[in-house]
Amino acid sequence: MNAFHLKYGLISLMVLSTTQAHAYDIEAGKQQLTENCTSCHGSELYTRSDRRVTSRKGLTAQVQRCQLALNLNWFDEDVENTAEHLNIEFYKFKK
């Protein structure tokens, strides 16, 4: 394998990984929210006027804190899927 093919292959992998990094599974996020979050509290937490979350990045951080507090052992993609579902359904932050 020559240097050109190696470089082309590495660039292709980088592009694929970047593209896939933003592919959320919204239905999985919705299911995780239903099974783990709204069983304790309703959607009023997401719609109150004095909510603490003020950005998309902050939303991900809050979902991460909650899942750690509940000892759910989610993968990063689970946190992102749930945060994206919340963002689409309630928060509507720009990305």
# chains A, B, ... in the order shown; residues from 1 in each chain; ligands from 1

call {"tool": "closest_atom_pairs", "arguments": {"of": "stretch 26-45 of chain A", "to": "stretch 86-95 of chain A", "cutoff": "12 Å", "atoms": "only C-alpha atoms", "output": "CSV"}}
result
residue,atom,partner,partner_atom,distance
A:Ile26,CA,A:Ile88,CA,8.8
A:Glu27,CA,A:Leu86,CA,11.0
A:Ala28,CA,A:Leu86,CA,11.6
A:Gly29,CA,A:Leu86,CA,8.1
A:Lys30,CA,A:Leu86,CA,7.9
A:Gln31,CA,A:Leu86,CA,11.3
A:Gln32,CA,A:Leu86,CA,10.8
A:Leu33,CA,A:Leu86,CA,8.4
A:Thr34,CA,A:Leu86,CA,11.1
A:Cys37,CA,A:Leu86,CA,11.1
A:Thr38,CA,A:Leu86,CA,11.5
A:Ser43,CA,A:Phe90,CA,8.6
A:Glu44,CA,A:Phe90,CA,10.0
A:Leu45,CA,A:Phe90,CA,10.0

call {"tool": "closest_residue", "arguments": {"among": "A:Glu35, A:Ala23, A:His41, A:Gly58", "to": "A:Ala83", "atoms": "only C-alpha atoms"}}
result
A:Gly58

call {"tool": "atom_distance", "arguments": {"atom1": "atom CA of A:Leu70", "atom2": "atom CA of A:His22"}}
result
25.5 Å

call {"tool": "closest_residue", "arguments": {"among": "A:Gly42, A:Ser49, A:Asn36, A:Tyr24", "to": "A:Leu72", "atoms": "only C-alpha atoms"}}
result
A:Asn36

call {"tool": "closest_residue", "arguments": {"among": "A:Val79, A:Arg52, A:His85, A:Thr47", "to": "A:Cys66", "atoms": "only C-alpha atoms"}}
result
A:Val79

call {"tool": "decode", "arguments": {"residues": "stretch 8-92 of chain A", "atoms": "C-alpha atoms", "output": "PDB file, in the first residue's frame"}}
result
ATOM      1  CA  TYR A   8      -6.858   8.627   1.337  1.00  0.00           C
ATOM      2  CA  GLY A   9      -8.028   5.821   3.624  1.00  0.00           C
ATOM      3  CA  LEU A  10      -7.325   7.836   6.772  1.00  0.00           C
ATOM      4  CA  ILE A  11      -9.137  10.882   5.422  1.00  0.00           C
ATOM      5  CA  SER A  12     -12.133   8.715   4.501  1.00  0.00           C
ATOM      6  CA  LEU A  13     -12.293   7.289   8.024  1.00  0.00           C
ATOM      7  CA  MET A  14     -12.126  10.758   9.554  1.00  0.00           C
ATOM      8  CA  VAL A  15     -14.991  11.984   7.374  1.00  0.00           C
ATOM      9  CA  LEU A  16     -17.128   8.947   8.212  1.00  0.00           C
ATOM     10  CA  SER A  17     -16.543   9.259  11.948  1.00  0.00           C
ATOM     11  CA  THR A  18     -17.368  12.969  11.871  1.00  0.00           C
ATOM     12  CA  THR A  19     -20.554  12.335   9.912  1.00  0.00           C
ATOM     13  CA  GLN A  20     -21.694   9.582  12.254  1.00  0.00           C
ATOM     14  CA  ALA A  21     -20.976  11.641  15.353  1.00  0.00           C
ATOM     15  CA  HIS A  22     -24.151  13.649  14.757  1.00  0.00           C
ATOM     16  CA  ALA A  23     -26.482  10.814  13.801  1.00  0.00           C
ATOM     17  CA  TYR A  24     -28.873  10.658  16.755  1.00  0.00           C
ATOM     18  CA  ASP A  25     -31.375   7.887  17.424  1.00  0.00           C
ATOM     19  CA  ILE A  26     -34.284  10.036  18.556  1.00  0.00           C
ATOM     20  CA  GLU A  27     -36.595   7.088  19.234  1.00  0.00           C
ATOM     21  CA  ALA A  28     -33.991   5.473  21.484  1.00  0.00           C
ATOM     22  CA  GLY A  29     -33.637   8.771  23.336  1.00  0.00           C
ATOM     23  CA  LYS A  30     -37.394   8.996  23.764  1.00  0.00           C
ATOM     24  CA  GLN A  31     -37.535   5.457  25.124  1.00  0.00           C
ATOM     25  CA  GLN A  32     -34.673   6.112  27.563  1.00  0.00           C
ATOM     26  CA  LEU A  33     -36.415   9.269  28.759  1.00  0.00           C
ATOM     27  CA  THR A  34     -39.712   7.426  29.277  1.00  0.00           C
ATOM     28  CA  GLU A  35     -38.145   4.488  31.084  1.00  0.00           C
ATOM     29  CA  ASN A  36     -35.716   6.387  33.291  1.00  0.00           C
ATOM     30  CA  CYS A  37     -36.659  10.044  33.652  1.00  0.00           C
ATOM     31  CA  THR A  38     -40.361  10.706  33.365  1.00  0.00           C
ATOM     32  CA  SER A  39     -41.105   7.768  35.643  1.00  0.00           C
ATOM     33  CA  CYS A  40     -39.857  10.039  38.473  1.00  0.00           C
ATOM     34  CA  HIS A  41     -40.914  13.445  37.157  1.00  0.00           C
ATOM     35  CA  GLY A  42     -43.117  14.657  34.349  1.00  0.00           C
ATOM     36  CA  SER A  43     -42.357  17.014  31.515  1.00  0.00           C
ATOM     37  CA  GLU A  44     -42.943  20.038  33.766  1.00  0.00           C
ATOM     38  CA  LEU A  45     -39.234  19.919  34.556  1.00  0.00           C
ATOM     39  CA  TYR A  46     -38.437  20.688  30.911  1.00  0.00           C
ATOM     40  CA  THR A  47     -41.072  23.350  30.387  1.00  0.00           C
ATOM     41  CA  ARG A  48     -40.797  25.456  33.545  1.00  0.00           C
ATOM     42  CA  SER A  49     -39.875  29.100  33.092  1.00  0.00           C
ATOM     43  CA  ASP A  50     -36.898  29.006  35.484  1.00  0.00           C
ATOM     44  CA  ARG A  51     -35.168  25.971  34.025  1.00  0.00           C
ATOM     45  CA  ARG A  52     -31.439  25.646  34.639  1.00  0.00           C
ATOM     46  CA  VAL A  53     -30.446  24.362  31.213  1.00  0.00           C
ATOM     47  CA  THR A  54     -29.727  27.224  28.818  1.00  0.00           C
ATOM     48  CA  SER A  55     -27.822  25.608  25.911  1.00  0.00           C
ATOM     49  CA  ARG A  56     -27.597  22.382  23.908  1.00  0.00           C
ATOM     50  CA  LYS A  57     -24.213  21.660  25.480  1.00  0.00           C
ATOM     51  CA  GLY A  58     -25.688  22.283  28.923  1.00  0.00           C
ATOM     52  CA  LEU A  59     -28.542  19.909  28.118  1.00  0.00           C
ATOM     53  CA  THR A  60     -26.104  17.100  27.372  1.00  0.00           C
ATOM     54  CA  ALA A  61     -24.255  17.837  30.619  1.00  0.00           C
ATOM     55  CA  GLN A  62     -27.510  17.728  32.602  1.00  0.00           C
ATOM     56  CA  VAL A  63     -28.572  14.417  31.043  1.00  0.00           C
ATOM     57  CA  GLN A  64     -25.119  13.057  31.891  1.00  0.00           C
ATOM     58  CA  ARG A  65     -25.451  14.220  35.527  1.00  0.00           C
ATOM     59  CA  CYS A  66     -28.892  12.650  35.839  1.00  0.00           C
ATOM     60  CA  GLN A  67     -27.877   9.300  34.420  1.00  0.00           C
ATOM     61  CA  LEU A  68     -24.841   9.208  36.720  1.00  0.00           C
ATOM     62  CA  ALA A  69     -27.007  10.046  39.744  1.00  0.00           C
ATOM     63  CA  LEU A  70     -29.353   7.185  38.821  1.00  0.00           C
ATOM     64  CA  ASN A  71     -26.401   4.838  38.147  1.00  0.00           C
ATOM     65  CA  LEU A  72     -27.735   3.996  34.680  1.00  0.00           C
ATOM     66  CA  ASN A  73     -24.310   3.383  33.115  1.00  0.00           C
ATOM     67  CA  TRP A  74     -25.322   4.845  29.754  1.00  0.00           C
ATOM     68  CA  PHE A  75     -22.901   5.116  26.868  1.00  0.00           C
ATOM     69  CA  ASP A  76     -22.161   8.574  25.462  1.00  0.00           C
ATOM     70  CA  GLU A  77     -24.488   7.861  22.533  1.00  0.00           C
ATOM     71  CA  ASP A  78     -27.342   7.120  24.960  1.00  0.00           C
ATOM     72  CA  VAL A  79     -26.784  10.478  26.654  1.00  0.00           C
ATOM     73  CA  GLU A  80     -26.673  12.250  23.270  1.00  0.00           C
ATOM     74  CA  ASN A  81     -29.781  10.455  21.982  1.00  0.00           C
ATOM     75  CA  THR A  82     -31.739  11.449  25.080  1.00  0.00           C
ATOM     76  CA  ALA A  83     -30.441  15.023  25.027  1.00  0.00           C
ATOM     77  CA  GLU A  84     -31.344  15.375  21.352  1.00  0.00           C
ATOM     78  CA  HIS A  85     -34.850  14.028  21.946  1.00  0.00           C
ATOM     79  CA  LEU A  86     -35.292  16.541  24.785  1.00  0.00           C
ATOM     80  CA  ASN A  87     -33.953  19.311  22.581  1.00  0.00           C
ATOM     81  CA  ILE A  88     -36.351  18.535  19.741  1.00  0.00           C
ATOM     82  CA  GLU A  89     -39.352  18.005  22.007  1.00  0.00           C
ATOM     83  CA  PHE A  90     -38.877  20.750  24.604  1.00  0.00           C
ATOM     84  CA  TYR A  91     -35.788  22.948  24.499  1.00  0.00           C
ATOM     85  CA  LYS A  92     -35.309  23.778  20.815  1.00  0.00           C
TER      86      LYS A  92
END
